>>> print(open('entry36.cif').read())   # mmCIF, C-alpha atoms
data_my_file
#
loop_
_atom_site.label_atom_id
_atom_site.label_comp_id
_atom_site.auth_asym_id
_atom_site.auth_seq_id
_atom_site.Cartn_x
_atom_site.Cartn_y
_atom_site.Cartn_z
CA MET A 1 7.80 124.71 201.48
CA ILE A 2 4.74 124.84 203.69
CA GLU A 3 4.61 123.37 207.19
CA VAL A 4 1.33 121.77 208.22
CA THR A 5 0.56 120.04 211.51
CA LEU A 6 -2.17 117.41 211.63
CA THR A 7 -3.62 116.20 214.91
CA VAL A 8 -5.92 113.24 215.48
CA SER A 9 -7.43 113.18 218.95
CA LYS A 10 -7.39 109.70 220.46
CA GLN A 11 -10.30 110.55 222.77
CA ARG A 12 -12.45 111.77 219.88
CA VAL A 13 -11.61 108.72 217.75
CA TYR A 14 -12.56 106.34 220.58
CA ASP A 15 -15.79 108.27 221.18
CA GLU A 16 -16.64 107.97 217.49
CA VAL A 17 -15.77 104.27 217.45
CA ALA A 18 -18.05 103.73 220.46
CA LYS A 19 -20.84 105.67 218.75
CA THR A 20 -20.51 103.72 215.49
CA THR A 21 -20.33 100.29 217.14
CA SER A 22 -23.19 101.14 219.49
CA TYR A 23 -25.37 102.29 216.59
CA THR A 24 -24.49 99.23 214.46
CA GLY A 25 -25.26 96.85 217.35
CA ALA A 26 -28.53 98.55 218.19
CA LYS A 27 -29.78 98.53 214.61
CA MET A 28 -28.91 94.92 213.90
CA GLN A 29 -32.11 92.91 213.50
CA GLY A 30 -32.65 89.27 214.43
CA ASP A 31 -29.62 89.08 216.67
CA ASP A 32 -30.35 89.83 220.32
CA SER A 33 -26.74 89.57 221.41
CA ALA A 34 -25.47 91.93 218.71
CA TYR A 35 -25.45 95.09 220.81
CA ASP A 36 -23.42 93.62 223.66
CA ARG A 37 -21.06 91.94 221.23
CA ILE A 38 -20.46 94.82 218.85
CA PHE A 39 -20.51 97.91 221.08
CA THR A 40 -17.00 98.77 222.30
CA THR A 41 -16.73 99.52 226.00
CA ASP A 42 -13.89 100.68 228.21
CA SER A 43 -13.00 97.05 228.90
CA ASP A 44 -12.18 96.58 225.21
CA ARG A 45 -9.74 99.45 225.34
CA SER A 46 -6.53 97.40 225.32
CA MET A 47 -7.58 95.71 222.06
CA LEU A 48 -8.60 99.05 220.53
CA GLU A 49 -5.28 100.47 221.59
CA ARG A 50 -3.49 98.00 219.32
CA PHE A 51 -5.72 99.06 216.43
CA TRP A 52 -4.98 102.70 217.22
CA THR A 53 -1.24 102.03 217.11
CA GLU A 54 -1.63 100.21 213.78
CA ALA A 55 -3.57 103.16 212.36
CA CYS A 56 -0.81 105.52 213.55
CA ASN A 57 1.86 103.37 211.92
CA THR A 58 -0.01 103.13 208.62
CA THR A 59 -0.46 106.91 208.57
CA THR A 60 3.21 107.50 209.34
CA GLU A 61 4.18 105.11 206.54
CA GLN A 62 1.94 106.92 204.06
CA LEU A 63 3.16 110.38 205.03
CA LYS A 64 6.83 109.57 205.62
CA ARG A 65 8.02 111.53 202.57
CA PHE A 66 6.77 114.74 204.20
CA ILE A 67 7.30 114.12 207.91
CA VAL A 68 9.39 116.56 209.92
CA GLU A 69 8.22 115.35 213.32
CA VAL A 70 5.75 112.76 214.57
CA SER A 71 4.45 111.93 218.04
CA ASP A 72 5.50 108.76 219.83
CA ASN A 73 2.66 106.30 219.37
CA SER A 74 4.31 103.09 220.47
CA GLU A 75 2.15 100.62 222.40
CA GLY A 76 4.04 101.41 225.58
CA ASN A 77 1.84 104.49 225.85
CA ALA A 78 -1.30 102.40 225.82
CA ILE A 79 -4.54 103.55 227.31
CA ASP A 80 -3.30 107.10 227.77
CA LEU A 81 -6.14 109.01 226.12
CA SER A 82 -4.24 112.27 226.08
CA ARG A 83 -1.64 110.91 223.62
CA ASP A 84 -2.96 112.15 220.30
CA TYR A 85 -1.42 111.41 216.95
CA VAL A 86 0.41 114.58 215.94
CA VAL A 87 2.43 114.86 212.76
CA LYS A 88 4.25 117.88 211.40
CA LEU A 89 4.62 117.81 207.60
CA GLU A 90 6.70 119.82 205.20
CA LEU A 91 4.59 120.07 202.06
CA SER A 92 5.26 121.46 198.61
CA SER A 93 5.12 125.22 198.09
CA SER A 94 2.25 124.50 195.65
CA TYR A 95 0.16 122.77 198.33
CA ASP A 96 -3.21 124.43 198.80
CA ASP A 97 -3.47 125.48 202.44
CA ASN A 98 -7.26 125.66 202.13
CA LEU A 99 -7.34 121.86 202.10
CA THR A 100 -5.79 121.38 205.54
CA GLU A 101 -9.13 121.19 207.41
CA SER A 102 -10.37 118.63 204.95
CA VAL A 103 -7.17 116.57 205.22
CA GLN A 104 -7.57 116.62 208.98
CA ALA A 105 -11.20 115.43 208.72
CA SER A 106 -10.34 112.63 206.28
CA LEU A 107 -7.50 111.47 208.52
CA PHE A 108 -9.86 111.36 211.50
CA SER A 109 -12.33 109.25 209.49
CA PHE A 110 -9.48 106.97 208.43
CA PHE A 111 -8.63 106.25 212.07
CA VAL A 112 -12.28 105.56 212.94
CA SER A 113 -12.84 103.27 209.93
CA VAL A 114 -9.64 101.31 210.50
CA ILE A 115 -10.40 100.71 214.17
CA VAL A 116 -14.05 99.82 213.56
CA GLY A 117 -13.09 97.57 210.62
CA LYS A 118 -10.52 95.72 212.69
CA TRP A 119 -12.93 95.47 215.64
CA PHE A 120 -15.62 94.03 213.38
CA LYS A 121 -13.27 91.21 212.39
CA PHE A 122 -14.04 89.80 215.84
CA THR A 123 -17.58 90.95 216.37
CA ASN A 124 -19.35 91.60 213.07
CA LYS A 125 -17.47 89.98 210.21
CA ASP A 126 -20.04 90.84 207.54
CA GLU A 127 -19.28 94.55 207.75
CA THR A 128 -15.50 94.35 208.09
CA ASP A 129 -14.72 94.72 204.40
CA ASN A 130 -16.91 97.82 204.06
CA TYR A 131 -15.08 99.62 206.85
CA ILE A 132 -11.65 98.56 205.63
CA ALA A 133 -12.58 99.77 202.12
CA ASP A 134 -13.76 103.05 203.67
CA ALA A 135 -10.45 103.39 205.47
CA VAL A 136 -8.53 102.84 202.24
CA GLY A 137 -10.73 105.45 200.54
CA MET A 138 -10.12 107.94 203.35
CA MET A 139 -6.34 107.52 203.19
CA ASN A 140 -6.51 107.89 199.42
CA ASP A 141 -8.43 111.11 199.98
CA VAL A 142 -5.77 112.39 202.40
CA MET A 143 -2.99 111.61 199.94
CA ALA A 144 -4.88 113.15 197.00
CA LYS A 145 -5.15 116.45 198.89
CA ILE A 146 -1.58 116.39 200.11
CA TYR A 147 -0.26 115.78 196.60
CA TYR A 148 -2.61 118.32 195.00
CA ARG A 149 -0.72 121.19 193.36
CA LYS A 150 -2.03 124.70 192.82
CA LYS A 151 -1.61 125.97 189.29
CA PRO A 152 1.51 128.05 188.64
CA VAL A 153 1.14 131.81 188.60
CA ARG A 154 2.63 133.86 185.78
CA VAL A 155 4.46 137.02 186.74
CA ALA A 156 4.68 139.30 183.71
CA PRO A 157 8.25 140.45 183.11
CA VAL A 158 9.07 144.09 183.62
CA SER A 159 10.43 145.50 180.37
CA GLN A 160 13.71 147.27 180.86
CA GLY A 161 13.23 150.59 179.14
CA GLU A 162 13.14 149.29 175.62
CA MET B 163 -6.27 171.37 182.46
CA ALA B 164 -4.99 167.91 181.76
CA GLU B 165 -4.33 167.09 178.17
CA ALA B 166 -6.65 164.52 176.66
CA MET B 167 -5.01 161.22 175.84
CA PRO B 168 -4.74 160.73 172.08
CA GLN B 169 -6.93 157.91 170.80
CA ARG B 170 -5.03 154.79 169.72
CA THR B 171 -5.48 153.62 166.18
CA GLU B 172 -6.65 150.07 165.53
CA GLN B 173 -3.13 149.05 164.46
CA GLU B 174 -1.61 150.50 167.64
CA GLU B 175 -4.11 148.54 169.73
CA ARG B 176 -3.13 145.37 167.92
CA ASN B 177 0.56 146.04 168.45
CA ALA B 178 0.00 146.74 172.14
CA GLY B 179 -1.84 143.44 172.49
CA GLN B 180 0.99 141.59 170.80
CA GLU B 181 3.52 143.27 173.07
CA LYS B 182 1.66 142.01 176.16
CA ARG B 183 1.73 138.41 174.97
CA ARG B 184 5.39 138.41 174.02
CA VAL B 185 7.69 136.38 176.15
CA PHE B 186 10.84 137.97 174.81
CA SER B 187 12.03 141.31 173.48
CA ILE B 188 14.10 142.29 170.46
CA LYS B 189 16.44 145.24 169.84
CA HIS B 190 18.25 146.32 166.66
CA ASN B 191 21.59 148.01 166.30
CA LYS B 192 23.22 148.84 163.01
CA ASP B 193 27.00 148.79 162.81
CA MET B 194 28.62 149.17 159.38
CA ALA B 195 27.84 146.10 157.32
CA LYS B 196 26.57 144.07 160.26
CA ASP B 197 23.41 144.45 162.28
CA THR B 198 23.09 143.39 165.89
CA ILE B 199 19.84 141.83 166.96
CA THR B 200 19.48 141.56 170.71
CA ILE B 201 16.97 139.02 171.91
CA THR B 202 16.03 139.00 175.57
CA LEU B 203 14.48 135.85 176.99
CA TYR B 204 12.89 136.40 180.37
CA LYS B 205 13.73 133.61 182.81
CA SER B 206 10.42 134.12 184.59
CA GLU B 207 8.58 133.41 181.33
CA LEU B 208 10.69 130.34 180.58
CA VAL B 209 10.18 128.91 184.06
CA TYR B 210 6.47 129.72 184.03
CA GLU B 211 5.95 127.94 180.73
CA VAL B 212 7.79 124.85 181.96
CA GLN B 213 5.69 124.86 185.14
CA ASN B 214 2.45 125.46 183.29
CA LYS B 215 3.00 122.75 180.68
CA THR B 216 4.04 120.18 183.26
CA TYR B 217 1.10 121.24 185.46
CA LEU B 218 -1.38 120.74 182.62
CA THR B 219 0.23 117.44 181.64
CA GLY B 220 -0.03 116.16 185.20
CA ARG B 221 -3.64 117.29 185.48
CA SER B 222 -4.61 115.51 182.29
CA ARG B 223 -2.89 112.28 183.38
CA GLN B 224 -4.88 111.98 186.63
CA THR B 225 -6.58 108.64 187.09
CA GLY B 226 -7.83 109.14 190.65
CA ASP B 227 -5.23 107.04 192.41
CA ASN B 228 -1.92 108.25 190.92
CA HIS B 229 -1.59 111.42 193.04
CA GLU B 230 2.12 111.02 193.71
CA GLU B 231 2.93 110.36 190.07
CA VAL B 232 0.92 113.42 188.97
CA ALA B 233 2.50 115.62 191.63
CA ASN B 234 5.96 114.48 190.54
CA MET B 235 5.20 115.50 186.96
CA GLN B 236 4.21 119.03 187.98
CA ALA B 237 7.33 121.17 188.28
CA ASN B 238 7.00 123.97 190.82
CA ASP B 239 9.11 126.36 192.90
CA ASP B 240 10.26 123.76 195.43
CA GLU B 241 14.03 123.84 195.69
CA GLU B 242 14.76 120.48 194.08
CA ASN B 243 12.33 121.25 191.22
CA ALA B 244 13.65 124.75 190.60
CA ASN B 245 17.27 123.55 190.61
CA GLN B 246 16.56 120.87 188.01
CA ILE B 247 14.65 123.27 185.73
CA LEU B 248 17.26 126.03 185.98
CA ARG B 249 20.08 123.56 185.31
CA SER B 250 18.24 122.28 182.21
CA LEU B 251 17.56 125.81 180.96
CA GLY B 252 21.21 126.70 181.51
CA ASN B 253 22.38 123.63 179.59
CA ALA B 254 19.96 124.31 176.75
CA PHE B 255 21.09 127.94 176.58
CA ALA B 256 24.73 126.80 176.38
CA THR B 257 23.80 124.47 173.49
CA LEU B 258 22.04 127.35 171.75
CA LYS B 259 25.14 129.50 172.03
CA THR B 260 27.16 126.77 170.37
CA LYS B 261 24.65 126.48 167.55
CA LEU B 262 24.63 130.25 167.06
CA SER B 263 28.33 130.77 167.72
CA GLU B 264 29.10 132.16 164.27
CA TYR B 265 26.72 135.04 164.99
CA LEU B 266 27.89 135.70 168.54
CA GLU B 267 30.73 137.83 169.73
CA GLU B 268 31.80 137.16 173.28
CA SER B 269 35.18 138.05 174.65
CA GLY B 270 35.22 136.15 177.95
CA THR B 271 38.26 134.05 178.76
CA SER B 272 36.85 132.01 181.61
CA ALA B 273 33.76 129.94 182.34
CA ASN B 274 32.38 127.78 185.12
CA ASP B 275 29.66 125.23 185.76
CA ALA B 276 27.71 127.14 188.41
CA GLN B 277 23.96 126.88 188.01
CA MET B 278 22.36 130.08 186.76
CA GLY B 279 20.10 131.98 189.14
CA GLY B 280 16.34 132.06 188.92
CA THR B 281 15.99 135.77 188.22
CA GLY B 282 17.07 138.05 185.40
CA ASN B 283 17.12 137.44 181.69
CA LEU B 284 19.02 135.48 179.06
CA ILE B 285 20.33 137.79 176.38
CA VAL B 286 21.48 136.79 172.92
CA ALA B 287 23.17 139.49 170.79
CA LEU B 288 23.39 138.20 167.24
CA LYS B 289 25.67 139.87 164.68
CA VAL B 290 23.88 139.32 161.42
CA PRO B 291 24.67 140.47 157.87
CA SER B 292 23.04 143.70 156.78
CA ASN B 293 20.80 141.78 154.40
CA PHE B 294 19.48 139.57 157.18
CA ASN B 295 15.70 139.40 156.90
CA LYS B 296 14.40 141.09 160.02
CA ALA B 297 10.93 139.80 159.35
CA THR B 298 12.07 136.60 161.04
CA ASN B 299 13.06 138.30 164.32
CA ASP B 300 9.88 137.27 166.10
CA THR B 301 10.12 133.74 164.74
CA LEU B 302 13.69 133.56 165.90
CA ALA B 303 12.93 134.81 169.40
CA ALA B 304 9.91 132.50 169.72
CA ALA B 305 11.94 129.52 168.51
CA LEU B 306 14.75 130.29 170.98
CA HIS B 307 12.17 130.46 173.78
CA GLN B 308 10.49 127.23 172.69
CA TYR B 309 13.80 125.41 172.32
CA LEU B 310 14.77 126.23 175.91
CA VAL B 311 11.31 125.32 177.25
CA ASN B 312 11.00 122.06 175.30
CA THR B 313 14.50 120.94 176.25
CA ALA B 314 13.87 121.68 179.94
CA ILE B 315 10.54 119.78 179.84
CA GLY B 316 12.18 116.89 177.97
CA ASP B 317 14.80 116.67 180.74
CA TRP B 318 12.14 116.99 183.45
CA PHE B 319 9.92 114.29 181.96
CA THR B 320 12.92 111.99 181.50
CA ILE B 321 12.92 111.89 185.30
CA THR B 322 9.22 112.13 186.09
CA ASN B 323 7.17 110.98 183.08
CA LYS B 324 9.23 108.97 180.63
CA SER B 325 6.43 108.38 178.14
CA ASP B 326 6.17 112.09 177.25
CA ALA B 327 9.87 112.96 177.36
CA GLU B 328 10.67 111.92 173.80
CA ASP B 329 7.94 114.20 172.37
CA TYR B 330 9.52 117.28 173.92
CA ILE B 331 13.02 116.30 172.82
CA THR B 332 11.68 115.96 169.27
CA LEU B 333 9.99 119.36 169.53
CA ALA B 334 13.25 120.91 170.70
CA ALA B 335 15.05 119.45 167.67
CA ALA B 336 12.37 120.99 165.42
CA ASN B 337 12.91 124.35 167.15
CA LEU B 338 16.61 124.17 166.33
CA GLN B 339 15.67 123.63 162.69
CA GLN B 340 13.39 126.71 162.83
CA ILE B 341 16.22 128.75 164.33
CA ARG B 342 18.61 127.65 161.58
CA GLU B 343 16.02 128.51 158.93
CA ALA B 344 15.31 131.94 160.42
CA MET B 345 19.02 132.74 160.71
CA ASN B 346 19.53 131.98 157.02
CA LYS B 347 16.79 134.23 155.65
CA ARG B 348 18.03 137.18 153.63
CA VAL B 349 16.28 140.09 151.97
CA ARG B 350 16.29 140.31 148.19
CA PRO B 351 18.76 142.96 146.93
CA THR B 352 17.06 146.08 145.67
CA ARG B 353 18.18 147.79 142.49
CA THR B 354 18.79 151.51 142.69
CA ASN B 355 18.28 153.35 139.37
CA PRO B 356 21.47 155.12 138.32
CA THR B 357 21.10 158.86 138.06
CA SER B 358 21.72 160.05 134.48
CA ALA B 359 24.94 162.07 134.08
CA PRO B 360 24.64 165.67 132.81
CA THR B 361 25.35 166.07 129.11
CA ASN B 362 28.19 168.54 128.45
CA GLY B 363 29.29 167.66 124.97
CA THR B 364 31.24 164.60 125.94
CA SER B 365 29.79 161.19 126.11
CA GLU B 366 30.52 158.41 128.52
CA THR B 367 31.18 155.07 126.97
CA SER B 368 29.64 152.06 128.53
CA GLY B 369 31.88 149.51 126.93
CA ASN B 370 32.02 148.18 123.48
CA LEU B 371 29.69 145.48 122.45
#
>>> encode(input="entry36.cif", output="structure tokens")
Amino acid sequence: MIEVTLTVSKQRVYDEVAKTTSYTGAKMQGDDSAYDRIFTTDSDRSMLERFWTEACNTTTEQLKRFIVEVSDNSEGNAIDLSRDYVVKLELSSSYDDNLTESVQASLFSFFVSVIVGKWFKFTNKDETDNYIADAVGMMNDVMAKIYYRKKPVRVAPVSQGE
Amino acid sequence: MAEAMPQRTEQEERNAGQEKRRVFSIKHNKDMAKDTITITLYKSELVYEVQNKTYLTGRSRQTGDNHEEVANMQANDDEENANQILRSLGNAFATLKTKLSEYLEESGTSANDAQMGGTGNLIVALKVPSNFNKATNDTLAAALHQYLVNTAIGDWFTITNKSDAEDYITLAAANLQQIREAMNKRVRPTRTNPTSAPTNGTSETSGNL
């Protein structure tokens, strides 16, 4: 078995969510209030925190078959930006270690898409489904890589002096 | 000065190539009216073929969103996978011994149900009549190998991919038929011309007609 630890930085996810919502608000045409409504600020943090916790729970549910250890992401730890999502997995011996970076990146994108999608339910309904679909795609991508198996390797038998 | 390596003939090259691809080995021993054919089946080859076939099956069944199902089909070296495959191979080997029991001579007086290990070989020493047709040795060894592999895959797919399991169980039954056929092949008797007796005035009668 192969042990792999995945970490999703809460600070980086929130930064990315802020960037995405800011960009979406700024580019929206014909709606002067869009930027203020869509862009997530520090004052929206408690709401985002719930979305973060939901993303953590969904990820844990998806990965539960492989989990050896997972960080405490209950809502009681809200607003603490240093509390990243950290999960230690025990994967198959045929798992391809070269995919770990990519799994990590897809998982990060999953968190961002889920949080933005859920945030848009309140502020920008038209784009909610796209982000939720993106999130589903990202989690599918994570699972595809985790379940990927390297091809078996043949070891030629040593003939015994025949 | 180092001696030059003798050049291999075309036939030798072909034989060497065949030897590399073999997943078993065969030995002969002549003992009075019976011959002993020893067939060695390498566990590493058996396990590899099970893993490779289940790997290819899983890969060809991918639909883009059935990752877990595909991964479950693909047997690998993980403990729970290896245990299941080795147990199946062990069971299939025990069945083979029963089928071939009239050609086997084993003197053990005890047995147990411990799972066989993952290394080493499975050896079958068959006592066959002197007119057994040795041209079928390779067929026999290949069929023994295939029987074990197909049975193990049939068992594995019964758990992980029901729709393909029956095919492998049918293949294993066909392998048993091949084994039976190969075991029953005999060489035609050859006539040896009698040497003519020296003539010394007497004559040997050969019966009255």
>>> closest_residue(input="entry36.cif", among="B:Gln224, B:Thr271, B:Thr260, B:Thr322", to="chain A", atoms="only C-alpha atoms")
B:Gln224
>>> closest_residue(input="entry36.cif", among="A:Leu48, A:Ala144, A:Met1, A:Val158", to="Leu99 (chain A)", atoms="only C-alpha atoms")
A:Ala144
>>> interface_residues(input="entry36.cif", of="chain A", to="chain B", cutoff="9 Å", atoms="all atoms listed in the file", output="NGL selection string")
:A and (1 or 92-94 or 140 or 143-157 or 159 or 162)
>>> axis_aligned_box(input="entry36.cif", around="region 50-55 of chain A", padding_each_side="4 Å", output="lines of an AutoDock Vina configuration file")
center_x = -3.5
center_y = 100.6
center_z = 215.8
size_x = 12.5
size_y = 13.2
size_z = 15.0
>>> resolve_selection(input="entry36.cif", expression="the PyMOL selection byres ((chain B and resi 289) around 7)", output="PyMOL selection string")
chain B and resi 196-199+265-266+287-288+290-291
>>> residues_near_point(input="entry36.cif", point="(-6.6, 104.8, 213.8)", cutoff="6 Å", atoms="all atoms listed in the file", output="NGL selection string")
:A and (52 or 55-56 or 111-112 or 114-115)
>>> closest_residue(input="entry36.cif", among="A:Ser113, A:Asp84, A:Thr100, A:Ala26", to="Glu127 (chain A)", atoms="only C-alpha atoms")
A:Ser113
>>> build_atoms(input="entry36.cif", residues="region 197-230 of chain B", atoms="N, CA and C atoms", output="tab-separated table (two decimals), in the coordinates of the input")
chain	number	residue	atom	x	y	z
B	197	ASP	N	24.44	144.00	161.34
B	197	ASP	CA	23.41	144.45	162.28
B	197	ASP	C	23.52	143.60	163.54
B	198	THR	N	23.15	144.20	164.66
B	198	THR	CA	23.09	143.39	165.89
B	198	THR	C	21.63	143.27	166.31
B	199	ILE	N	21.20	142.06	166.47
B	199	ILE	CA	19.84	141.83	166.96
B	199	ILE	C	19.98	141.29	168.38
B	200	THR	N	19.40	142.00	169.31
B	200	THR	CA	19.48	141.56	170.71
B	200	THR	C	18.15	140.95	171.12
B	201	ILE	N	18.20	139.71	171.49
B	201	ILE	CA	16.97	139.02	171.91
B	201	ILE	C	17.08	138.75	173.41
B	202	THR	N	16.06	139.22	174.12
B	202	THR	CA	16.03	139.00	175.57
B	202	THR	C	14.99	137.95	175.89
B	203	LEU	N	15.41	136.91	176.55
B	203	LEU	CA	14.48	135.85	176.99
B	203	LEU	C	14.33	135.97	178.50
B	204	TYR	N	13.12	136.21	178.93
B	204	TYR	CA	12.89	136.40	180.37
B	204	TYR	C	12.85	135.05	181.08
B	205	LYS	N	13.70	134.89	182.08
B	205	LYS	CA	13.73	133.61	182.81
B	205	LYS	C	12.38	133.30	183.44
B	206	SER	N	11.72	134.36	183.93
B	206	SER	CA	10.42	134.12	184.59
B	206	SER	C	9.42	133.52	183.61
B	207	GLU	N	9.50	133.94	182.34
B	207	GLU	CA	8.58	133.41	181.33
B	207	GLU	C	8.94	131.97	180.98
B	208	LEU	N	10.24	131.70	180.90
B	208	LEU	CA	10.69	130.34	180.58
B	208	LEU	C	10.25	129.38	181.69
B	209	VAL	N	10.51	129.78	182.93
B	209	VAL	CA	10.18	128.91	184.06
B	209	VAL	C	8.67	128.73	184.16
B	210	TYR	N	7.93	129.83	183.95
B	210	TYR	CA	6.47	129.72	184.03
B	210	TYR	C	5.93	128.74	182.99
B	211	GLU	N	6.47	128.83	181.77
B	211	GLU	CA	5.95	127.94	180.73
B	211	GLU	C	6.27	126.47	181.02
B	212	VAL	N	7.45	126.23	181.57
B	212	VAL	CA	7.79	124.85	181.96
B	212	VAL	C	6.81	124.39	183.04
B	213	GLN	N	6.60	125.24	184.04
B	213	GLN	CA	5.69	124.86	185.14
B	213	GLN	C	4.28	124.65	184.64
B	214	ASN	N	3.83	125.55	183.76
B	214	ASN	CA	2.45	125.46	183.29
B	214	ASN	C	2.22	124.21	182.43
B	215	LYS	N	3.16	123.93	181.55
B	215	LYS	CA	3.00	122.75	180.68
B	215	LYS	C	3.05	121.46	181.49
B	216	THR	N	3.95	121.41	182.46
B	216	THR	CA	4.04	120.18	183.26
B	216	THR	C	2.83	120.08	184.19
B	217	TYR	N	2.31	121.24	184.62
B	217	TYR	CA	1.10	121.24	185.46
B	217	TYR	C	-0.09	120.68	184.68
B	218	LEU	N	-0.25	121.18	183.45
B	218	LEU	CA	-1.38	120.74	182.62
B	218	LEU	C	-1.23	119.26	182.24
B	219	THR	N	0.00	118.85	181.98
B	219	THR	CA	0.23	117.44	181.64
B	219	THR	C	-0.16	116.56	182.82
B	220	GLY	N	0.30	116.93	184.00
B	220	GLY	CA	-0.03	116.16	185.20
B	220	GLY	C	-1.53	116.09	185.41
B	221	ARG	N	-2.19	117.24	185.25
B	221	ARG	CA	-3.64	117.29	185.48
B	221	ARG	C	-4.37	116.37	184.52
B	222	SER	N	-3.90	116.33	183.28
B	222	SER	CA	-4.61	115.51	182.29
B	222	SER	C	-4.26	114.02	182.41
B	223	ARG	N	-3.26	113.69	183.22
B	223	ARG	CA	-2.89	112.28	183.38
B	223	ARG	C	-3.49	111.68	184.66
B	224	GLN	N	-4.31	112.47	185.37
B	224	GLN	CA	-4.88	111.98	186.63
B	224	GLN	C	-5.83	110.81	186.39
B	225	THR	N	-5.66	109.78	187.21
B	225	THR	CA	-6.58	108.64	187.09
B	225	THR	C	-7.38	108.45	188.37
B	226	GLY	N	-7.10	109.24	189.39
B	226	GLY	CA	-7.83	109.14	190.65
B	226	GLY	C	-7.01	108.48	191.75
B	227	ASP	N	-6.04	107.67	191.36
B	227	ASP	CA	-5.23	107.04	192.41
B	227	ASP	C	-3.73	107.15	192.12
B	228	ASN	N	-3.36	108.06	191.23
B	228	ASN	CA	-1.92	108.25	190.92
B	228	ASN	C	-1.44	109.64	191.36
B	229	HIS	N	-1.88	110.05	192.56
B	229	HIS	CA	-1.59	111.42	193.04
B	229	HIS	C	-0.09	111.73	193.07
B	230	GLU	N	0.68	110.77	193.56
B	230	GLU	CA	2.12	111.02	193.71
B	230	GLU	C	2.76	111.19	192.34
